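Participant: Sharing work.tsv below, TSV, C-alpha atoms and all ligand atoms:
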chain	number	residue	atom	x	y	z
B	25	MET	CA	0.00	0.00	0.00
B	26	SER	CA	1.45	3.37	-1.00
B	27	ALA	CA	1.80	6.25	1.46
B	28	GLN	CA	-0.97	8.15	-0.38
B	29	GLU	CA	-3.29	5.14	-0.26
B	30	PHE	CA	-2.66	4.75	3.46
B	31	LYS	CA	-3.32	8.46	3.98
B	32	ASN	CA	-6.71	8.16	2.22
B	33	ILE	CA	-7.82	5.44	4.61
B	34	SER	CA	-6.24	6.74	7.80
B	35	HIS	CA	-8.22	10.00	7.47
B	36	SER	CA	-11.48	8.12	7.39
B	37	ASP	CA	-14.04	8.59	10.14
B	38	LYS	CA	-17.70	9.28	10.67
B	39	ILE	CA	-18.72	12.94	10.86
B	40	GLU	CA	-17.97	14.46	14.27
B	41	MET	CA	-21.21	15.69	15.87
B	42	ASP	CA	-20.61	15.49	19.63
B	43	ASP	CA	-19.47	19.12	19.79
B	44	LEU	CA	-22.52	20.54	17.97
B	45	ASP	CA	-25.14	22.59	19.81
B	46	TRP	CA	-28.44	21.23	18.50
B	47	ASN	CA	-30.40	23.95	20.28
B	48	GLU	CA	-28.60	26.44	18.09
B	49	ALA	CA	-29.65	24.43	15.03
B	50	LYS	CA	-33.24	24.30	16.24
B	51	SER	CA	-33.52	28.01	16.96
B	52	ALA	CA	-32.03	28.92	13.57
B	53	GLY	CA	-34.46	26.52	11.87
B	54	LEU	CA	-34.53	25.34	8.28
B	55	SER	CA	-36.22	26.83	5.23
B	56	GLU	CA	-38.59	24.70	3.19
B	57	ASP	CA	-35.99	24.43	0.43
B	58	GLU	CA	-33.36	23.35	2.94
B	59	ARG	CA	-35.66	20.65	4.29
B	60	PHE	CA	-36.16	19.39	0.75
B	61	VAL	CA	-32.41	19.42	-0.04
B	62	LEU	CA	-31.45	17.78	3.26
B	63	THR	CA	-34.05	15.05	2.86
B	64	TYR	CA	-32.86	14.43	-0.71
B	65	PHE	CA	-29.20	14.31	0.35
B	66	SER	CA	-29.94	12.12	3.37
B	67	ASP	CA	-31.85	9.65	1.20
B	68	ILE	CA	-29.07	9.43	-1.36
B	69	GLU	CA	-26.24	9.25	1.15
B	70	SER	CA	-27.96	6.46	3.05
B	71	GLN	CA	-28.37	4.50	-0.19
B	72	THR	CA	-24.65	4.49	-1.00
B	73	ILE	CA	-24.07	1.37	1.04
B	74	ARG	CA	-26.13	-0.59	-1.52
B	75	TYR	CA	-23.42	0.01	-4.11
B	76	LEU	CA	-20.68	-1.41	-1.94
B	77	GLY	CA	-21.35	-5.04	-2.89
B	78	THR	CA	-21.20	-4.21	-6.61
B	79	LEU	CA	-18.04	-2.16	-6.27
B	80	LEU	CA	-16.27	-4.83	-4.23
B	81	LYS	CA	-16.75	-7.21	-7.20
B	82	MET	CA	-14.53	-5.00	-9.41
B	83	THR	CA	-11.26	-6.63	-10.40
B	84	ILE	CA	-9.29	-3.78	-8.83
B	85	ALA	CA	-11.08	-4.39	-5.52
B	86	SER	CA	-8.74	-7.32	-4.94
B	87	ARG	CA	-6.12	-4.70	-4.05
B	88	PRO	CA	-6.24	-4.23	-0.26
B	89	ALA	CA	-5.98	-0.44	-0.56
B	90	VAL	CA	-9.02	-0.33	-2.89
B	91	THR	CA	-11.09	-2.66	-0.69
B	92	ALA	CA	-10.20	-0.61	2.37
B	93	PHE	CA	-11.09	2.66	0.65
B	94	LEU	CA	-14.47	1.38	-0.58
B	95	ILE	CA	-15.44	0.10	2.85
B	96	THR	CA	-14.49	3.35	4.58
B	97	TRP	CA	-16.14	5.36	1.77
B	98	ALA	CA	-19.48	3.57	2.22
B	99	TYR	CA	-19.18	4.00	5.99
B	100	GLU	CA	-18.58	7.73	5.66
B	101	GLU	CA	-21.44	8.20	3.17
B	102	PHE	CA	-23.85	6.31	5.41
B	103	HIS	CA	-22.94	8.62	8.28
B	104	HIS	CA	-23.45	11.69	6.09
B	105	GLY	CA	-27.03	10.51	5.68
B	106	GLN	CA	-27.36	9.91	9.41
B	107	ALA	CA	-25.95	13.37	10.26
B	108	LEU	CA	-28.40	15.13	7.93
B	109	ALA	CA	-31.28	13.05	9.29
B	110	LYS	CA	-30.26	14.03	12.81
B	111	LEU	CA	-30.23	17.72	11.90
B	112	LEU	CA	-33.68	17.42	10.33
B	113	GLY	CA	-34.97	15.67	13.44
B	114	GLN	CA	-33.46	18.24	15.81
B	115	CYS	CA	-35.09	21.03	13.79
B	116	GLY	CA	-38.49	19.38	14.10
B	117	TYR	CA	-38.65	17.41	10.83
B	118	PRO	CA	-37.78	13.81	11.70
B	119	LEU	CA	-37.56	11.27	8.90
B	120	ALA	CA	-39.48	8.03	9.30
B	121	GLU	CA	-37.46	5.28	10.96
B	122	ASP	CA	-37.89	2.98	7.95
B	123	ARG	CA	-36.97	5.76	5.51
B	124	VAL	CA	-33.85	3.99	4.18
B	125	GLU	CA	-35.81	0.82	3.37
B	126	THR	CA	-38.63	2.85	1.76
B	127	ILE	CA	-36.22	4.71	-0.51
B	128	ASN	CA	-34.49	1.47	-1.32
B	129	ARG	CA	-37.77	0.09	-2.65
B	130	ARG	CA	-38.26	3.19	-4.75
B	131	ALA	CA	-34.98	2.57	-6.57
B	132	ARG	CA	-36.23	2.52	-10.11
B	133	LEU	CA	-35.59	0.08	-12.88
B	134	ASN	CA	-33.42	2.57	-14.67
B	135	GLU	CA	-30.72	1.63	-12.20
B	136	TRP	CA	-30.15	-1.29	-14.53
B	137	LEU	CA	-26.48	-0.55	-14.72
B	138	GLU	CA	-25.98	-1.47	-11.09
B	139	ARG	CA	-28.60	-4.13	-10.65
B	140	PHE	CA	-28.48	-6.20	-13.80
B	141	PHE	CA	-26.24	-5.07	-16.59
B	142	GLY	CA	-23.52	-4.03	-14.16
B	143	PRO	CA	-22.72	-7.50	-12.81
B	144	LEU	CA	-23.30	-9.03	-16.26
B	145	LEU	CA	-21.08	-6.62	-18.13
B	146	SER	CA	-18.47	-6.61	-15.43
B	147	ARG	CA	-18.10	-10.37	-15.92
B	148	VAL	CA	-17.82	-9.99	-19.68
B	149	PHE	CA	-15.53	-6.95	-19.49
B	150	SER	CA	-13.89	-7.69	-16.16
B	151	ASN	CA	-10.80	-5.65	-17.02
B	152	GLN	CA	-12.63	-2.67	-18.47
B	153	PHE	CA	-15.56	-2.26	-16.13
B	154	PRO	CA	-13.77	-0.72	-13.15
B	155	SER	CA	-13.14	2.34	-15.34
B	156	VAL	CA	-16.89	2.75	-15.83
B	157	TYR	CA	-17.67	2.69	-12.13
B	158	LEU	CA	-14.75	4.93	-11.27
B	159	VAL	CA	-15.75	7.61	-13.80
B	160	PHE	CA	-19.36	7.50	-12.56
B	161	GLY	CA	-18.04	7.82	-9.02
B	162	ALA	CA	-15.87	10.81	-9.89
B	163	ILE	CA	-18.77	12.70	-11.52
B	164	GLN	CA	-21.20	11.97	-8.69
B	165	GLU	CA	-18.69	12.84	-5.95
B	166	MET	CA	-17.81	16.15	-7.62
B	167	THR	CA	-21.49	17.07	-8.00
B	168	THR	CA	-22.17	16.17	-4.37
B	169	LEU	CA	-19.16	18.14	-3.18
B	170	ARG	CA	-20.32	21.27	-5.00
B	171	GLY	CA	-23.80	20.73	-3.56
B	172	TYR	CA	-22.53	20.77	0.01
B	173	GLU	CA	-20.35	23.79	-0.70
B	174	ARG	CA	-23.33	25.72	-2.08
B	175	LEU	CA	-25.55	24.68	0.82
B	176	LYS	CA	-22.90	25.84	3.27
B	177	GLU	CA	-22.70	29.25	1.59
B	178	ALA	CA	-26.45	29.73	1.32
B	179	THR	CA	-27.74	28.56	4.71
B	180	GLN	CA	-28.43	30.80	7.69
B	181	ASN	CA	-28.27	27.81	10.04
B	182	PRO	CA	-24.83	27.76	11.74
B	183	ILE	CA	-24.94	24.05	12.56
B	184	LEU	CA	-25.87	23.14	9.00
B	185	LYS	CA	-22.89	25.25	7.87
B	186	VAL	CA	-20.54	23.24	10.10
B	187	LEU	CA	-21.99	19.92	8.96
B	188	CYS	CA	-21.67	20.90	5.29
B	189	GLU	CA	-18.05	21.90	5.83
B	190	ARG	CA	-17.20	18.62	7.52
B	191	ILE	CA	-19.03	16.51	4.96
B	192	ALA	CA	-17.52	18.47	2.04
B	193	LYS	CA	-14.03	17.72	3.38
B	194	GLN	CA	-14.75	14.00	3.04
B	195	GLU	CA	-16.47	14.43	-0.35
B	196	ARG	CA	-13.35	16.18	-1.62
B	197	ARG	CA	-11.28	13.14	-0.65
B	198	HIS	CA	-13.83	10.78	-2.23
B	199	PHE	CA	-13.74	12.74	-5.49
B	200	ALA	CA	-9.93	12.72	-5.58
B	201	TRP	CA	-9.85	8.96	-5.05
B	202	TYR	CA	-12.40	8.18	-7.77
B	203	PHE	CA	-10.90	10.63	-10.22
B	204	ASN	CA	-7.30	9.48	-9.75
B	205	ASN	CA	-8.22	5.80	-9.92
B	206	ALA	CA	-10.39	6.39	-12.99
B	207	LYS	CA	-7.46	8.13	-14.68
B	208	GLU	CA	-5.14	5.26	-13.82
B	209	GLN	CA	-7.55	2.66	-15.22
B	210	LEU	CA	-8.31	4.64	-18.37
B	211	GLU	CA	-4.62	5.06	-19.11
B	212	LEU	CA	-4.21	1.28	-19.19
B	213	SER	CA	-5.96	0.56	-22.49
B	214	SER	CA	-8.05	1.93	-25.34
B	215	ALA	CA	-10.69	-0.74	-24.55
B	216	ASN	CA	-11.10	0.77	-21.07
B	217	ARG	CA	-11.45	4.24	-22.57
B	218	LEU	CA	-13.93	3.19	-25.25
B	219	LEU	CA	-16.23	1.20	-22.96
B	220	ALA	CA	-16.18	3.76	-20.16
B	221	ARG	CA	-17.05	6.64	-22.48
B	222	LYS	CA	-19.85	4.77	-24.23
B	223	VAL	CA	-21.47	3.55	-21.01
B	224	VAL	CA	-21.13	6.90	-19.24
B	225	GLU	CA	-22.54	8.81	-22.24
B	226	PHE	CA	-25.42	6.38	-22.56
B	227	ASN	CA	-26.36	5.93	-18.92
B	228	TRP	CA	-25.16	8.82	-16.79
B	229	ARG	CA	-27.86	10.53	-14.73
B	230	PRO	CA	-27.45	13.18	-12.02
B	231	VAL	CA	-27.03	12.19	-8.38
B	232	GLY	CA	-30.21	10.62	-7.05
B	233	ALA	CA	-31.96	10.18	-10.41
B	234	GLY	CA	-32.33	6.45	-9.73
B	235	VAL	CA	-34.46	6.95	-6.64
B	236	LYS	CA	-35.93	10.42	-7.11
B	237	SER	CA	-38.48	11.67	-9.64
B	238	ASN	CA	-37.40	14.00	-12.46
B	239	SER	CA	-39.16	16.91	-10.79
B	240	GLU	CA	-37.29	16.24	-7.53
B	241	VAL	CA	-33.97	16.14	-9.41
B	242	ASP	CA	-34.84	19.40	-11.18
B	243	ARG	CA	-35.88	21.04	-7.92
B	244	LEU	CA	-32.65	19.99	-6.20
B	245	PHE	CA	-30.47	21.46	-8.94
B	246	SER	CA	-32.48	24.64	-9.37
B	247	THR	CA	-32.54	25.22	-5.60
B	248	LEU	CA	-28.83	24.63	-5.03
B	249	PHE	CA	-27.55	25.97	-8.33
B	250	PRO	CA	-29.81	28.75	-9.57
B	251	ALA	CA	-28.98	30.66	-12.78
B	252	GLU	CA	-25.24	31.34	-13.11
B	253	PHE	CA	-24.36	28.84	-10.36
B	254	GLY	CA	-25.97	26.11	-12.44
B	255	LYS	CA	-24.18	27.13	-15.61
B	256	GLU	CA	-20.88	27.21	-13.77
B	257	LEU	CA	-21.48	23.77	-12.21
B	258	VAL	CA	-22.23	22.01	-15.49
B	259	ARG	CA	-19.32	23.75	-17.21
B	260	GLU	CA	-16.89	22.96	-14.42
B	261	ILE	CA	-17.81	19.28	-14.19
B	262	ASP	CA	-17.70	18.72	-17.94
B	263	VAL	CA	-14.33	20.48	-18.18
B	264	LYS	CA	-12.89	18.37	-15.33
B	265	ILE	CA	-14.20	15.05	-16.69
B	266	SER	CA	-12.90	16.03	-20.15
B	267	THR	CA	-9.37	15.83	-18.72
B	268	LEU	CA	-9.75	12.07	-18.20
B	269	PRO	CA	-8.17	9.92	-20.94
B	270	GLY	CA	-10.82	9.08	-23.57
B	271	PHE	CA	-13.27	11.71	-22.30
B	272	GLU	CA	-11.95	14.68	-24.26
B	273	GLY	CA	-14.69	17.15	-25.18
B	274	ILE	CA	-17.46	15.30	-23.31
B	275	ARG	CA	-20.63	17.34	-22.58
B	276	LEU	CA	-22.54	15.17	-20.16
B	277	MET	CA	-23.93	17.76	-17.79
B	278	GLN	CA	-24.44	20.44	-20.43
B	279	ASP	CA	-26.42	18.11	-22.68
B	280	TYR	CA	-28.47	16.63	-19.84
B	281	PHE	CA	-29.57	19.99	-18.47
B	282	LYS	CA	-30.17	21.42	-21.91
B	283	ALA	CA	-32.49	18.48	-22.67
B	284	CYS	CA	-34.39	18.45	-19.43
B	285	CYS	CA	-34.45	21.96	-17.90
J	301	FE	FE	-21.57	11.90	1.13
J	302	FE	FE	-18.87	11.01	-1.26
When written as structure tokens, how does the structure in this file appear?
Facilitator:
Amino acid sequence: MSAQEFKNISHSDKIEMDDLDWNEAKSAGLSEDERFVLTYFSDIESQTIRYLGTLLKMTIASRPAVTAFLITWAYEEFHHGQALAKLLGQCGYPLAEDRVETINRRARLNEWLERFFGPLLSRVFSNQFPSVYLVFGAIQEMTTLRGYERLKEATQNPILKVLCERIAKQERRHFAWYFNNAKEQLELSSANRLLARKVVEFNWRPVGAGVKSNSEVDRLFSTLFPAEFGKELVREIDVKISTLPGFEGIRLMQDYFKACC
């Protein structure tokens, strides 16, 4: 295990919350839009653990550093969901206890990549498929990171600000891991680059689109990234993903939002 790989894992932990004053959170309250965004984020974060089994089947997951990262990643994401649910509860908007299971059932069939074609294709293209997952991961982590950064800037609730800052710190590390590992895998072969680009272009959807309705996805993005913020987000993500080998000139976000919004 390299020093960098060890560093990625040794920094892992669940979000610190013991020092937070929940009365302060409660008296500041949450706007209706914040309640919507926090519920959305909590639902998606809590679902991440479902992907762990699929990701651990990747050929590169046989490397101890990759296995260790994925396990700590899923652990951190799960606790992001728990932290947001706790904030909602403390502010008077508790989520139902069986919320995670309910959302799990709502996972729609268009998650075929993970549920059916993913395992099938990953057997057929066992060497190429890690690239696909890693690129997806990089895009979703970057979008999530920018979401928490925007929420932190926009909220008047001081405890939500602290939580967003702490979560964003971990999201930044997640993004770096996915992006760097995607780059490494894509550099290995033209087959990796070709398959990853085709699958990502064909099947990429914004964070949460598998379990949320189109109107909920639109509301999330228009709430967090209104007007110029939205344009900047889609531009920034497309530019960053374009720097990956085989993804030159890709316009995923720009084309998606042009088509739908
Ligand atoms: Fe997260
Ligand atoms: Fe993350």
Participant: So which one's closest to Glu125 (chain B), B:Asp67, B:Glu100, B:Glu177, B:Glu252? Using only C-alpha atoms, please.
Facilitator: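 The closest residue to Glu125 (chain B) is B:Asp67.
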Participant: What does the distance between CA of Pro154 (chain B) and CA of Pro230 (chain B) come to in Å, to one decimal place?
Facilitator: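 Those two atoms sit 19.5 Å apart.
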Participant: Which residues are near ligand FE 301 (chain J) - at most 6 Å, using all atoms listed in the file? Format: as a PyMOL selection string.
Facilitator: chain B and resi 69+101+104+195
Participant: Those residues you just picked out, can you put them in a file as a short mmCIF file (atom, residue, chain, number, x, y, z; two decimals), in the frame of the given file with C-alpha atoms?
Facilitator:
data_model
loop_
_atom_site.label_atom_id
_atom_site.label_comp_id
_atom_site.auth_asym_id
_atom_site.auth_seq_id
_atom_site.Cartn_x
_atom_site.Cartn_y
_atom_site.Cartn_z
CA GLU B 69 -26.24 9.25 1.15
CA GLU B 101 -21.44 8.20 3.17
CA HIS B 104 -23.45 11.69 6.09
CA GLU B 195 -16.47 14.43 -0.35
#
Participant: Just the residues within 8 Å of region 108-113 of chain B, please, counting all atoms listed in the file, with nothing from its chain fewer than 2 positions along; format it as a list of chain:residue names.
Facilitator: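 Counting only the stated atoms, we get B:Trp46, B:Ala49, B:Arg59, B:Leu62, B:Thr63, B:Phe65, B:Ser66, B:His104, B:Gly105, B:Gln106, B:Cys115, B:Gly116, B:Tyr117, B:Pro118, B:Leu119, B:Leu184.
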Participant: As a list in words, please: the residues near Asn204 (chain B) (cut-off 12 Å, all atoms listed in the file, same-chain neighbours under 6 positions excluded).
Facilitator: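 So, after excluding close chain neighbours, the residues are Gln28, Glu29, Ser155, Leu158, Val159, Gly161, Ala162, Arg197, His198, Leu210, Glu211, Lys264, Ile265, Thr267, Leu268 and Pro269 of chain B.
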Participant: Near region 216-225 of chain B, within 10 Å and counting all atoms listed in the file, which residues show up once chain neighbours fewer than 3 positions away are dropped, as JSON, numbers by chain?
Facilitator: {"B": [137, 149, 151, 152, 153, 154, 155, 156, 157, 158, 159, 160, 163, 206, 207, 209, 210, 211, 212, 213, 228, 229, 268, 269, 270, 271, 272, 274, 275, 276]}
Participant: All heavy atoms are what I want for region 200-211 of chain B; can you complete it accordingly and write them as a PDB file, keeping the file's coordinate frame?
Facilitator:
ATOM      1  N   ALA B 200     -11.337  12.888  -5.172  1.00  0.00           N
ATOM      2  CA  ALA B 200      -9.930  12.720  -5.580  1.00  0.00           C
ATOM      3  C   ALA B 200      -9.623  11.242  -5.789  1.00  0.00           C
ATOM      4  O   ALA B 200      -8.952  10.870  -6.760  1.00  0.00           O
ATOM      5  CB  ALA B 200      -8.999  13.309  -4.529  1.00  0.00           C
ATOM      6  N   TRP B 201     -10.133  10.400  -4.925  1.00  0.00           N
ATOM      7  CA  TRP B 201      -9.850   8.960  -5.050  1.00  0.00           C
ATOM      8  C   TRP B 201     -10.469   8.417  -6.343  1.00  0.00           C
ATOM      9  O   TRP B 201      -9.804   7.738  -7.126  1.00  0.00           O
ATOM     10  CB  TRP B 201     -10.393   8.193  -3.833  1.00  0.00           C
ATOM     11  CG  TRP B 201      -9.974   6.754  -3.863  1.00  0.00           C
ATOM     12  CD1 TRP B 201      -8.831   6.218  -3.349  1.00  0.00           C
ATOM     13  CD2 TRP B 201     -10.681   5.664  -4.485  1.00  0.00           C
ATOM     14  NE1 TRP B 201      -8.780   4.871  -3.602  1.00  0.00           N
ATOM     15  CE2 TRP B 201      -9.886   4.497  -4.296  1.00  0.00           C
ATOM     16  CE3 TRP B 201     -11.878   5.549  -5.179  1.00  0.00           C
ATOM     17  CZ2 TRP B 201     -10.275   3.241  -4.771  1.00  0.00           C
ATOM     18  CZ3 TRP B 201     -12.257   4.296  -5.663  1.00  0.00           C
ATOM     19  CH2 TRP B 201     -11.470   3.160  -5.456  1.00  0.00           C
ATOM     20  N   TYR B 202     -11.746   8.696  -6.566  1.00  0.00           N
ATOM     21  CA  TYR B 202     -12.400   8.180  -7.770  1.00  0.00           C
ATOM     22  C   TYR B 202     -11.740   8.725  -9.032  1.00  0.00           C
ATOM     23  O   TYR B 202     -11.487   8.002  -9.992  1.00  0.00           O
ATOM     24  CB  TYR B 202     -13.902   8.523  -7.766  1.00  0.00           C
ATOM     25  CG  TYR B 202     -14.721   7.521  -6.991  1.00  0.00           C
ATOM     26  CD1 TYR B 202     -15.120   7.761  -5.688  1.00  0.00           C
ATOM     27  CD2 TYR B 202     -15.085   6.299  -7.563  1.00  0.00           C
ATOM     28  CE1 TYR B 202     -15.857   6.826  -4.966  1.00  0.00           C
ATOM     29  CE2 TYR B 202     -15.818   5.362  -6.857  1.00  0.00           C
ATOM     30  CZ  TYR B 202     -16.205   5.628  -5.561  1.00  0.00           C
ATOM     31  OH  TYR B 202     -16.914   4.696  -4.869  1.00  0.00           O
ATOM     32  N   PHE B 203     -11.465  10.005  -9.027  1.00  0.00           N
ATOM     33  CA  PHE B 203     -10.900  10.630 -10.220  1.00  0.00           C
ATOM     34  C   PHE B 203      -9.515  10.042 -10.531  1.00  0.00           C
ATOM     35  O   PHE B 203      -9.234   9.648 -11.667  1.00  0.00           O
ATOM     36  CB  PHE B 203     -10.804  12.152 -10.026  1.00  0.00           C
ATOM     37  CG  PHE B 203     -10.382  12.881 -11.261  1.00  0.00           C
ATOM     38  CD1 PHE B 203     -11.317  13.236 -12.223  1.00  0.00           C
ATOM     39  CD2 PHE B 203      -9.049  13.204 -11.472  1.00  0.00           C
ATOM     40  CE1 PHE B 203     -10.931  13.898 -13.378  1.00  0.00           C
ATOM     41  CE2 PHE B 203      -8.655  13.857 -12.630  1.00  0.00           C
ATOM     42  CZ  PHE B 203      -9.599  14.208 -13.588  1.00  0.00           C
ATOM     43  N   ASN B 204      -8.664   9.970  -9.526  1.00  0.00           N
ATOM     44  CA  ASN B 204      -7.300   9.480  -9.750  1.00  0.00           C
ATOM     45  C   ASN B 204      -7.281   8.006 -10.153  1.00  0.00           C
ATOM     46  O   ASN B 204      -6.505   7.593 -11.007  1.00  0.00           O
ATOM     47  CB  ASN B 204      -6.442   9.677  -8.480  1.00  0.00           C
ATOM     48  CG  ASN B 204      -6.219  11.149  -8.207  1.00  0.00           C
ATOM     49  OD1 ASN B 204      -6.291  11.970  -9.119  1.00  0.00           O
ATOM     50  ND2 ASN B 204      -5.984  11.501  -6.953  1.00  0.00           N
ATOM     51  N   ASN B 205      -8.168   7.221  -9.552  1.00  0.00           N
ATOM     52  CA  ASN B 205      -8.220   5.800  -9.920  1.00  0.00           C
ATOM     53  C   ASN B 205      -8.840   5.608 -11.297  1.00  0.00           C
ATOM     54  O   ASN B 205      -8.439   4.707 -12.045  1.00  0.00           O
ATOM     55  CB  ASN B 205      -8.951   4.985  -8.847  1.00  0.00           C
ATOM     56  CG  ASN B 205      -8.027   4.674  -7.686  1.00  0.00           C
ATOM     57  OD1 ASN B 205      -7.290   3.700  -7.707  1.00  0.00           O
ATOM     58  ND2 ASN B 205      -8.027   5.537  -6.675  1.00  0.00           N
ATOM     59  N   ALA B 206      -9.809   6.452 -11.642  1.00  0.00           N
ATOM     60  CA  ALA B 206     -10.390   6.390 -12.990  1.00  0.00           C
ATOM     61  C   ALA B 206      -9.302   6.695 -14.023  1.00  0.00           C
ATOM     62  O   ALA B 206      -9.150   5.998 -15.031  1.00  0.00           O
ATOM     63  CB  ALA B 206     -11.537   7.394 -13.119  1.00  0.00           C
ATOM     64  N   LYS B 207      -8.540   7.728 -13.757  1.00  0.00           N
ATOM     65  CA  LYS B 207      -7.460   8.130 -14.680  1.00  0.00           C
ATOM     66  C   LYS B 207      -6.473   6.977 -14.872  1.00  0.00           C
ATOM     67  O   LYS B 207      -6.102   6.646 -16.010  1.00  0.00           O
ATOM     68  CB  LYS B 207      -6.760   9.366 -14.096  1.00  0.00           C
ATOM     69  CG  LYS B 207      -5.731   9.993 -14.972  1.00  0.00           C
ATOM     70  CD  LYS B 207      -5.407  11.396 -14.424  1.00  0.00           C
ATOM     71  CE  LYS B 207      -4.387  12.099 -15.287  1.00  0.00           C
ATOM     72  NZ  LYS B 207      -3.028  11.677 -15.061  1.00  0.00           N
ATOM     73  N   GLU B 208      -6.098   6.374 -13.767  1.00  0.00           N
ATOM     74  CA  GLU B 208      -5.140   5.260 -13.820  1.00  0.00           C
ATOM     75  C   GLU B 208      -5.681   4.106 -14.673  1.00  0.00           C
ATOM     76  O   GLU B 208      -4.978   3.549 -15.508  1.00  0.00           O
ATOM     77  CB  GLU B 208      -4.912   4.785 -12.378  1.00  0.00           C
ATOM     78  CG  GLU B 208      -3.710   3.909 -12.173  1.00  0.00           C
ATOM     79  CD  GLU B 208      -3.583   3.545 -10.695  1.00  0.00           C
ATOM     80  OE1 GLU B 208      -3.130   4.399  -9.898  1.00  0.00           O
ATOM     81  OE2 GLU B 208      -3.977   2.428 -10.343  1.00  0.00           O
ATOM     82  N   GLN B 209      -6.947   3.766 -14.472  1.00  0.00           N
ATOM     83  CA  GLN B 209      -7.550   2.660 -15.220  1.00  0.00           C
ATOM     84  C   GLN B 209      -7.708   2.995 -16.695  1.00  0.00           C
ATOM     85  O   GLN B 209      -7.504   2.156 -17.567  1.00  0.00           O
ATOM     86  CB  GLN B 209      -8.931   2.309 -14.634  1.00  0.00           C
ATOM     87  CG  GLN B 209      -8.879   1.619 -13.297  1.00  0.00           C
ATOM     88  CD  GLN B 209      -8.202   0.257 -13.366  1.00  0.00           C
ATOM     89  OE1 GLN B 209      -8.548  -0.569 -14.200  1.00  0.00           O
ATOM     90  NE2 GLN B 209      -7.217   0.035 -12.517  1.00  0.00           N
ATOM     91  N   LEU B 210      -8.100   4.240 -16.975  1.00  0.00           N
ATOM     92  CA  LEU B 210      -8.310   4.640 -18.370  1.00  0.00           C
ATOM     93  C   LEU B 210      -7.000   4.690 -19.150  1.00  0.00           C
ATOM     94  O   LEU B 210      -6.975   4.442 -20.356  1.00  0.00           O
ATOM     95  CB  LEU B 210      -9.010   6.009 -18.427  1.00  0.00           C
ATOM     96  CG  LEU B 210     -10.462   6.015 -17.921  1.00  0.00           C
ATOM     97  CD1 LEU B 210     -10.952   7.440 -17.683  1.00  0.00           C
ATOM     98  CD2 LEU B 210     -11.388   5.290 -18.904  1.00  0.00           C
ATOM     99  N   GLU B 211      -5.923   5.003 -18.440  1.00  0.00           N
ATOM    100  CA  GLU B 211      -4.620   5.060 -19.110  1.00  0.00           C
ATOM    101  C   GLU B 211      -4.130   3.676 -19.523  1.00  0.00           C
ATOM    102  O   GLU B 211      -3.274   3.554 -20.396  1.00  0.00           O
ATOM    103  CB  GLU B 211      -3.574   5.704 -18.167  1.00  0.00           C
ATOM    104  CG  GLU B 211      -3.638   7.227 -18.174  1.00  0.00           C
ATOM    105  CD  GLU B 211      -2.870   7.863 -17.038  1.00  0.00           C
ATOM    106  OE1 GLU B 211      -2.425   7.133 -16.120  1.00  0.00           O
ATOM    107  OE2 GLU B 211      -2.746   9.105 -17.054  1.00  0.00           O
TER     108      GLU B 211
END
